[in-house]
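Please read the structure below before turning to the comments.
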Amino acid sequence: MPDFPSDGGSADVSGRLVAEAVPGDNALALSVGELAGKLKRMVEGAFGHVRLRGEISGYKRVASGHCYLSLKDENAVIDGVIWKGNASGLAFVPQDGIEVIASGKLTTYPGRSKYQIVIERMELAGAGALMALLDKLKAQLGAEGLFAAERKLALPFMPRVIGVVTSPTGAVIRDILHRLADRCPTHVLVWPVKVQGDGSAAEIAAAVRGFDAIVAGGDVPRPDLVIVARGGGSVEDLWSFNEEVVVRAVADCSIPIISAVGHETDTTLCDYAADHRAPTPTAAAEIAVPVLADLRYTVQSHAARTERCVRRYHERGRERLDGMARLLPKRDALLAPQRQRSDEAGLRLDRGLERRLGLARRELDGATGALRPAVLQHRWDAAKMRLDQSWRLVKSLNPDNVLDRGYARVTAAGGGQTLSSARAVRAAGAVTLHFARGDTIDAMAGDISGAKVEPKKPRAYTRPTTDQPTLPDQPTLL
């Protein structure tokens, strides 16, 4: 393609449409990636290890575990990254607005033509920054209600099992055990942990949650109270008890917790989350259990007071009884009318018995007179006469008496019902004729008006020897 000349007639190199090699120019064209690589090697070579002081801004931790943030001051801002391995080893959780000193190396990010610091270690920039972080974390957790008074649990009066979260080799555990033995011997479970340094916060939180996870009635007794304790130290030494993981574990524990971290002037977030704060570990042991000697004295005092109350109640009852007894009438006054009525009733009884005895004697005499032989003989004769009359009446009414005068009594065959009419005889057909002295003849009823009947010779009649049966002799009553 031909070059178009300028107004002066000479060739203009800067106005070329297609790049061509220029005589005397030794600089070769670089790709963007090649330039980014050279910059990356140059920056990393010149700033292989740097320490930056700045305020954290835009901190975030992604799902992969890497952390991204910016460090800034009043003049500039630089991006930073903390890879997952280094992020887990930080002594604190980064927060926006906290001034820190970050150690690492500078590098570039070719994808966006930016430079950044790869942070390997991060520390707070002095005690002021540490306190600022503490205040910020305190405000955050307090806003969630972890320090609210309504979450606090009441401490048991006399716990049977006490769990202690502390270092097993320090003086703290010895002080606690010694104080418990002096006041009230109690079963103690110690969960050994590190109380400062890397990983100490995780161990403390795990111990608190471990005590809370113990099931009641199992092989390991469940504590009735937990003491989280550590000796005194600087703010940095006690920082593990300010970690969010520890504070949340203490706040979520269903067992009452006493926080005894540091000396009386030391305060940690664990103290705010616990159900009770003790100024020292020894004071925690004193708060946990009462004095056994005081309990015994109290029980004895209560027993003595109870005995006095019972005795006083008994004495007052006796006094009231005596007072009421004085108001009651005397025994003789109460019983005198009853005694008099009893005596009168006895006299009336004697007179009544005598009168009744006299009446009975008169009745007996009258009955004795009625039993004289003459009177009895008269009654006997009258009764015999009445009996003879009744017997004669019975004989006269006996239908068989007329049989001796030639009559017969007709009954149905077999001694059935007496037949009193010819019609009944014809209806019966077979009949029985009853004669005197029990003789009977069976006959058939029929019409014999045309038959010839031979007269029979009458049988001689023999008169009975007696007209009436002899009555049995009536025994005499005399």
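Following the order of the structure tokens, first chain is A, next is B, and so on, with residues numbered from 1 inside each chain and ligands from 1 in the order they appear.
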Residues within 8 Å of Arg209 (chain A), only C-alpha atoms, excluding chain neighbours under 4 positions, as a count of residues only:
4
DSSP helix (DSSP H, G or I) residues within region 114-306 of chain A, listed as a ChimeraX atom specification:
/A:127-143,149-151,171-183,200-213,239-242,244-252,269-273,281-288,292-306
For region 225-242 of chain A, find every residue with an atom within 7 Å (counting only C-alpha atoms), except residues of its own chain fewer than 2 positions away, and show them as a list in words.
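Returned residues: Pro159, Val161, Ile162, Gly163, Val164, Val165, Thr166, Val172, Val195, Gln196, Ser200, Ala201, Pro223, Glu244, Val246, Val247, Ile255, Pro256, Ile257, Ile258, Ser259, Ala260, Val261, Gly262, His263, Thr268, Leu269, Cys270 and Pro281 of chain A.
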What's around Arg426 (chain A) at 6 Å? Count only C-alpha atoms, leave out sequence neighbours fewer than 3 positions away in its own chain, and write the answer as a VMD selection string.
chain A and resid 423 429 445
Excluding region 404-417 of chain A and any residue of its chain fewer than 3 positions from it, enumerate the residues within 8 Å of it, using only C-alpha atoms, and give them as a ChimeraX atom specification.
/A:400-401,420,425,428,430-436,442
Which residue, A:Leu189, A:Val402, A:Arg379, A:Ala76, has the smallest gap to Ile214 (chain A) when you use only C-alpha atoms?
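The answer is A:Leu189, which sits nearest to Ile214 (chain A).
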Can you check which residues of region 106-351 of chain A DSSP gives as strand (DSSP E or B) on the backbone and send them as a PyMOL selection string?
chain A and resi 106-109+114-124+161-166+187-192+225-230+257-261+276-277
